[in-house]
$ cat upload.txt   # compact mmCIF, C-alpha atoms
# COMPACT_ATOMS: atom_id res chain seq x y z
CA MET A 1 -25.98 191.70 -56.39
CA PHE A 2 -27.97 190.08 -59.21
CA THR A 3 -31.03 189.76 -56.99
CA TYR A 4 -30.82 193.43 -56.02
CA ALA A 5 -30.41 194.55 -59.65
CA LYS A 6 -33.30 192.38 -60.75
CA LYS A 7 -35.61 193.83 -58.10
CA ARG A 8 -34.66 197.34 -59.22
CA LEU A 9 -35.55 196.42 -62.81
CA VAL A 10 -38.86 194.96 -61.62
CA SER A 11 -39.77 198.31 -60.06
CA ALA A 12 -38.80 200.25 -63.18
CA ASP A 13 -40.24 197.99 -65.92
CA VAL A 14 -41.85 194.86 -64.55
CA GLU A 15 -43.00 193.36 -67.86
CA SER A 16 -39.51 193.60 -69.36
CA ALA A 17 -38.10 192.18 -66.14
CA ALA A 18 -40.56 189.27 -66.31
CA ARG A 19 -39.62 188.43 -69.91
CA LEU A 20 -35.91 188.61 -69.09
CA TRP A 21 -36.40 186.41 -66.05
CA ASP A 22 -38.35 183.80 -68.01
CA THR A 23 -35.64 183.49 -70.66
CA GLN A 24 -32.45 184.01 -68.64
CA SER A 25 -33.11 182.80 -65.08
CA SER A 26 -31.66 179.33 -65.72
CA ALA A 27 -28.30 180.88 -66.66
CA PHE A 28 -27.70 182.03 -63.09
CA LYS A 29 -26.91 179.94 -60.06
CA LEU A 30 -29.40 181.19 -57.53
CA SER A 31 -30.71 179.67 -54.33
CA ALA A 32 -34.36 178.73 -53.96
CA ALA A 33 -34.82 181.68 -51.59
CA GLN A 34 -33.36 184.13 -54.13
CA ILE A 35 -35.56 182.74 -56.91
CA HIS A 36 -38.63 183.06 -54.70
CA ARG A 37 -37.81 186.68 -53.79
CA ILE A 38 -37.49 187.67 -57.45
CA GLU A 39 -40.64 185.84 -58.57
CA ARG A 40 -42.54 187.27 -55.61
CA ALA A 41 -41.42 190.80 -56.52
CA ILE A 42 -42.52 190.30 -60.15
CA ALA A 43 -45.96 189.01 -59.13
CA LEU A 44 -46.54 191.83 -56.65
CA GLN A 45 -45.41 194.56 -59.04
CA LEU A 46 -47.70 193.22 -61.77
CA ALA A 47 -50.56 193.31 -59.26
CA PHE A 48 -49.65 196.86 -58.20
CA ASN A 49 -49.80 197.82 -61.90
CA LYS A 50 -53.19 196.07 -62.25
CA SER A 51 -51.81 193.84 -64.97
CA GLU A 52 -53.85 190.88 -66.17
CA LEU A 53 -50.63 188.85 -66.05
CA ALA A 54 -50.44 189.10 -62.27
CA TYR A 55 -52.64 186.18 -61.20
CA ALA A 56 -50.73 183.66 -63.32
CA ARG A 57 -47.51 184.83 -61.66
CA PHE A 58 -48.92 184.28 -58.18
CA ASN A 59 -49.86 180.74 -59.24
CA GLN A 60 -46.21 180.09 -60.09
CA LEU A 61 -44.99 180.92 -56.58
CA THR A 62 -43.96 177.91 -54.52
CA LYS A 63 -45.55 179.39 -51.41
CA LEU A 64 -47.79 182.31 -50.53
CA ASP A 65 -47.49 184.51 -47.47
CA ALA A 66 -50.23 186.81 -46.12
CA THR A 67 -49.26 189.66 -48.47
CA THR A 68 -49.02 187.60 -51.65
CA ARG A 69 -52.23 185.73 -50.82
CA LEU A 70 -54.07 189.03 -50.42
CA TRP A 71 -52.70 190.47 -53.65
CA ALA A 72 -53.41 187.23 -55.49
CA VAL A 73 -57.09 187.72 -54.71
CA ARG A 74 -56.89 191.31 -55.93
CA ALA A 75 -55.21 190.06 -59.09
CA ALA A 76 -58.09 187.63 -59.56
CA LEU A 77 -60.49 190.57 -59.31
CA ILE A 78 -58.62 192.37 -62.08
CA GLU A 79 -59.40 189.55 -64.51
CA HIS A 80 -62.86 188.85 -62.99
CA ASN A 81 -61.78 185.41 -61.87
CA TRP A 82 -64.63 185.20 -59.37
CA ARG A 83 -64.03 181.64 -58.21
CA ARG A 84 -60.50 182.47 -57.13
CA THR A 85 -61.67 185.71 -55.54
CA GLY A 86 -64.10 184.02 -53.19
CA ALA A 87 -62.06 180.90 -52.52
CA PRO A 88 -62.18 179.61 -48.91
CA GLY A 89 -59.10 180.44 -46.88
CA ASN A 90 -58.44 183.74 -48.58
CA PRO A 91 -57.33 186.21 -45.91
CA SER A 92 -59.48 189.15 -44.96
CA PRO A 93 -57.59 192.39 -44.30
CA LYS A 94 -57.61 194.28 -41.03
CA GLY A 95 -59.17 197.72 -40.61
CA LYS A 96 -62.80 198.74 -41.02
CA LYS A 97 -62.47 200.29 -44.48
CA GLU A 98 -60.44 197.40 -45.85
CA THR A 99 -62.85 194.88 -44.34
CA GLU A 100 -65.85 196.60 -45.92
CA ARG A 101 -64.18 196.61 -49.31
CA TRP A 102 -63.31 192.94 -48.88
CA ARG A 103 -66.88 192.04 -47.94
CA TYR A 104 -68.25 193.94 -50.94
CA TRP A 105 -66.07 192.07 -53.42
CA GLN A 106 -66.67 188.81 -51.62
CA ALA A 107 -70.40 189.35 -52.11
CA LYS A 108 -69.85 190.15 -55.79
CA ALA A 109 -67.85 186.96 -56.20
CA LEU A 110 -70.58 184.91 -54.54
CA LEU A 111 -73.22 186.41 -56.83
CA GLU A 112 -71.10 185.67 -59.89
CA THR A 113 -70.61 182.04 -58.84
CA ASN A 114 -74.30 181.22 -58.39
CA GLN A 115 -74.29 181.69 -54.61
CA ARG A 116 -76.89 184.44 -54.68
CA GLU A 117 -78.31 184.02 -51.18
CA LYS A 118 -74.90 184.25 -49.53
CA GLY A 119 -73.95 187.26 -51.63
CA LEU A 120 -77.20 189.10 -50.89
CA ALA A 121 -76.82 188.40 -47.16
CA ILE A 122 -73.45 190.17 -47.16
CA PHE A 123 -74.84 193.09 -49.17
CA LYS A 124 -77.75 193.47 -46.71
CA GLN A 125 -75.33 193.66 -43.79
CA LEU A 126 -73.01 196.02 -45.63
CA ALA A 127 -75.87 198.33 -46.66
CA ASN A 128 -76.33 199.23 -42.99
CA GLU A 129 -72.96 200.99 -42.99
CA ARG A 130 -72.54 204.71 -43.68
CA SER A 131 -69.58 204.26 -45.98
CA TYR A 132 -68.59 204.09 -49.64
CA TYR A 133 -69.04 200.33 -49.91
CA GLY A 134 -72.15 200.49 -47.76
CA PHE A 135 -73.67 202.92 -50.26
CA LEU A 136 -72.60 200.69 -53.18
CA ALA A 137 -74.35 197.76 -51.51
CA ALA A 138 -77.47 199.89 -50.99
CA ASP A 139 -77.39 200.86 -54.67
CA PHE A 140 -77.22 197.20 -55.64
CA LEU A 141 -80.17 196.39 -53.38
CA GLN A 142 -82.00 199.53 -54.60
CA GLN A 143 -82.62 200.79 -51.09
CA ASP A 144 -82.00 204.06 -49.27
CA TYR A 145 -78.58 204.84 -47.85
CA ALA A 146 -78.10 204.22 -44.13
CA LEU A 147 -77.02 207.71 -43.15
CA GLY A 148 -77.41 207.06 -39.43
CA ASN A 149 -78.28 210.71 -38.87
CA LYS A 150 -78.47 211.58 -35.15
CA PRO A 151 -78.62 215.38 -34.82
CA ILE A 152 -77.17 216.99 -31.72
CA GLN A 153 -79.97 218.11 -29.41
CA LEU A 154 -79.50 221.64 -28.11
CA ASN A 155 -82.12 222.97 -25.70
CA GLU A 156 -82.50 226.63 -24.82
CA GLN A 157 -81.30 226.09 -21.26
CA ASP A 158 -77.96 224.62 -22.35
CA LYS A 159 -77.60 227.26 -25.03
CA SER A 160 -78.20 230.12 -22.56
CA ARG A 161 -75.85 228.59 -20.01
CA LEU A 162 -73.04 228.33 -22.55
CA LEU A 163 -73.57 231.79 -24.04
CA SER A 164 -73.58 233.35 -20.57
CA ARG A 165 -69.95 232.40 -20.08
CA GLN A 166 -67.55 235.31 -20.36
CA LYS A 167 -65.69 234.15 -23.46
CA PHE A 168 -68.88 233.31 -25.32
CA ALA A 169 -70.24 236.72 -24.30
CA VAL A 170 -67.23 238.28 -26.05
CA VAL A 171 -67.97 236.24 -29.19
CA SER A 172 -71.61 237.33 -29.05
CA GLU A 173 -70.62 240.99 -28.71
CA PHE A 174 -68.32 240.82 -31.71
CA LYS A 175 -71.10 239.15 -33.65
CA ALA A 176 -73.65 241.79 -32.60
CA LEU A 177 -71.27 244.49 -33.84
CA GLU A 178 -71.02 242.61 -37.18
CA MET A 179 -67.33 241.98 -36.55
CA GLU A 180 -67.58 238.44 -37.91
CA LYS A 181 -63.85 237.95 -38.42
CA GLU A 182 -63.03 238.88 -34.83
CA ALA A 183 -65.94 236.83 -33.51
CA GLN A 184 -64.81 233.71 -35.35
CA GLN A 185 -61.20 234.21 -34.32
CA PHE A 186 -62.21 234.46 -30.64
CA TRP A 187 -64.44 231.40 -31.02
CA TRP A 188 -61.46 229.09 -30.56
CA GLU A 189 -60.60 230.78 -27.29
CA ALA A 190 -64.18 230.22 -26.14
CA VAL A 191 -64.23 226.50 -26.97
CA ARG A 192 -60.63 225.73 -25.99
CA ASN A 193 -61.42 223.94 -22.72
CA LEU A 194 -64.85 222.55 -23.60
CA LYS A 195 -65.46 218.82 -23.52
CA GLY A 196 -68.29 216.37 -24.05
CA ASP A 197 -71.81 217.77 -24.29
CA ASP A 198 -70.62 221.37 -23.97
CA LEU A 199 -68.45 220.94 -27.06
CA LEU A 200 -71.40 219.45 -28.95
CA SER A 201 -73.62 222.33 -27.84
CA ALA A 202 -71.03 224.83 -29.05
CA ALA A 203 -70.91 223.13 -32.45
CA LYS A 204 -74.69 223.38 -32.69
CA ILE A 205 -74.59 227.09 -31.79
CA ALA A 206 -72.04 227.67 -34.56
CA GLN A 207 -74.35 225.87 -36.97
CA GLN A 208 -77.31 228.03 -35.92
CA TRP A 209 -75.18 231.11 -36.52
CA HIS A 210 -74.40 229.81 -40.04
CA TRP A 211 -70.74 229.37 -39.15
CA HIS A 212 -70.67 226.00 -40.85
CA ARG A 213 -66.91 225.64 -41.11
CA LEU A 214 -66.49 226.33 -37.39
CA ALA A 215 -69.36 223.98 -36.58
CA ILE A 216 -67.68 221.14 -38.49
CA LEU A 217 -64.28 221.76 -36.91
CA THR A 218 -65.80 222.06 -33.44
CA VAL A 219 -67.83 218.86 -33.63
CA SER A 220 -64.77 217.02 -34.96
CA ARG A 221 -63.02 217.84 -31.68
CA ALA A 222 -65.72 215.88 -29.91
CA LYS A 223 -65.29 213.04 -32.43
CA TYR A 224 -69.04 212.96 -33.03
CA TRP A 225 -69.81 211.94 -36.60
CA ASP A 226 -73.56 211.26 -36.60
CA ASP A 227 -74.99 214.77 -37.07
CA VAL A 228 -74.94 214.47 -40.84
CA ALA A 229 -76.65 217.80 -41.56
CA LEU A 230 -74.06 219.62 -39.47
CA ARG A 231 -71.06 217.86 -41.01
CA PHE A 232 -72.28 218.15 -44.61
CA SER A 233 -74.18 221.40 -44.61
CA ILE A 234 -75.68 222.64 -47.87
CA GLU A 235 -77.40 225.62 -46.27
CA LYS A 236 -76.27 229.06 -47.40
CA PRO A 237 -76.00 231.89 -44.88
CA PRO A 238 -78.59 234.64 -45.25
CA SER A 239 -77.34 237.28 -47.64
CA LYS A 240 -77.32 240.95 -46.80
CA LYS A 241 -79.06 243.38 -49.06
CA VAL A 242 -76.55 245.85 -50.47
CA VAL A 243 -77.76 249.36 -51.28
CA LEU A 244 -75.51 251.74 -53.18
CA ILE A 245 -75.15 255.12 -51.50
CA ASN A 246 -75.53 258.44 -53.26
CA PRO A 247 -72.15 260.29 -53.27
CA LEU A 248 -73.60 263.28 -51.37
CA GLU A 249 -75.20 260.97 -48.82
CA LYS A 250 -71.87 259.15 -48.51
CA ILE A 251 -70.01 262.37 -47.69
CA ALA A 252 -72.65 263.38 -45.16
CA ALA A 253 -72.52 259.96 -43.54
CA LEU A 254 -68.73 260.11 -43.29
CA LEU A 255 -68.85 263.57 -41.72
CA GLU A 256 -71.48 262.46 -39.22
CA GLY A 257 -69.55 259.32 -38.36
CA ARG A 258 -72.33 257.01 -39.51
CA LEU A 259 -70.09 255.33 -42.08
CA CYS A 260 -66.45 254.40 -41.84
CA TYR A 261 -63.76 252.86 -44.05
CA PRO A 262 -63.79 250.32 -45.70
CA ASN A 263 -67.59 250.30 -45.99
CA TYR A 264 -68.00 253.77 -47.46
CA PHE A 265 -69.17 252.57 -50.88
CA TYR A 266 -72.27 250.81 -49.60
CA ARG A 267 -74.42 250.16 -46.59
CA THR A 268 -76.25 247.00 -45.58
CA ASN A 269 -79.87 246.73 -44.54
$ encode --input "upload.txt" --output "structure tokens"
Amino acid sequence: MFTYAKKRLVSADVESAARLWDTQSSAFKLSAAQIHRIERAIALQLAFNKSELAYARFNQLTKLDATTRLWAVRAALIEHNWRRTGAPGNPSPKGKKETERWRYWQAKALLETNQREKGLAIFKQLANERSYYGFLAADFLQQDYALGNKPIQLNEQDKSRLLSRQKFAVVSEFKALEMEKEAQQFWWEAVRNLKGDDLLSAAKIAQQWHWHRLAILTVSRAKYWDDVALRFSIEKPPSKKVVLINPLEKIAALLEGRLCYPNYFYRTN
């Protein structure tokens, strides 16, 4: 019961819990396992809170498991204890993003401990990645980002073949009639069963039509991430010129059926 209550206090106010534990722990008859669980919880919570007291607490633990060893290194980073950060035997986390972050800070630790060549070697490898830490490494090396841009190639033959399909013909008709909402809604029916290169071609067609949101969502179905311009478009669609209509001309246009609601206040050229 005491162990449970103590762990609850650690979560709520870890620094108060640590002070209480330091002064009162000897008053309780606890097993070595119970003591370790409480001290482990205090060390981890201090690290979660990015407290500068965390690393000293990890040093007090009688043994470290994979989790506490990992967080001990992170605690060392908090206080810029570079030698502890890059110590041999420190575990590297799994997962690409975690590994890149680990390599970045490992390189920083090596640079801060007069191991410049080793640190720069890691940065040079990391700078080849199109990722947050890859870009940070490139900034440090003062070199261009490795965007790895590989645009989807769409030739006219593939484009014509795809647009000749019945469902794409419907999309094209809606688009020709300036019924953009209907065209974009039917787009998903047109691409529903596409796979591989056809899906990539469809994404490129959407990009050419300035349907950037649909292009991004379509290419994501193909899990193709290397067309950077398509995925992060900054191009604006061409704007239509709006011309206000004279009231008498508006009435005449309505009577002749040349203008219909809701566009009766303006026409587009």
$ atom_distance --input "upload.txt" --atom1 "CA of Ala66 in chain A" --atom2 "CA of Asn128 in chain A"
29.1 Å
$ closest_residue --input "upload.txt" --among "A:Trp102, A:Lys223, A:Gln60, A:Ser16" --to "Leu77 in chain A" --atoms "all atoms listed in the file"
A:Trp102
$ atom_distance --input "upload.txt" --atom1 "CA of Ala41 in chain A" --atom2 "CA of Ala27 in chain A"
19.3 Å
$ residues_around --input "upload.txt" --residues "Arg165 in chain A" --least-positions-apart "6" --cutoff "12 Å" --atoms "all atoms listed in the file" --output "PyMOL selection string"
chain A and resi 158-159+171-172+189-191+194+198+202
$ atom_distance --input "upload.txt" --atom1 "CA of Arg130 in chain A" --atom2 "CA of Ala146 in chain A"
5.6 Å
$ closest_residue --input "upload.txt" --among "A:Trp209, A:Ser164, A:Arg57, A:Glu39" --to "Ala176 in chain A" --atoms "all atoms listed in the file"
A:Trp209
$ closest_residue --input "upload.txt" --among "A:Glu15, A:Gln208, A:Lys167, A:Ala121" --to "Trp188 in chain A" --atoms "only C-alpha atoms"
A:Lys167
$ axis_aligned_box --input "upload.txt" --around "range 16-26 of chain A" --padding-each-side "4 Å" --output "lines of an AutoDock Vina configuration file"
center_x = -36.1
center_y = 186.5
center_z = -67.9
size_x = 16.9
size_y = 22.3
size_z = 13.6
$ closest_residue --input "upload.txt" --among "A:Gln153, A:Phe58, A:Ala17, A:Lys108" --to "Leu70 in chain A" --atoms "all atoms listed in the file"
A:Phe58
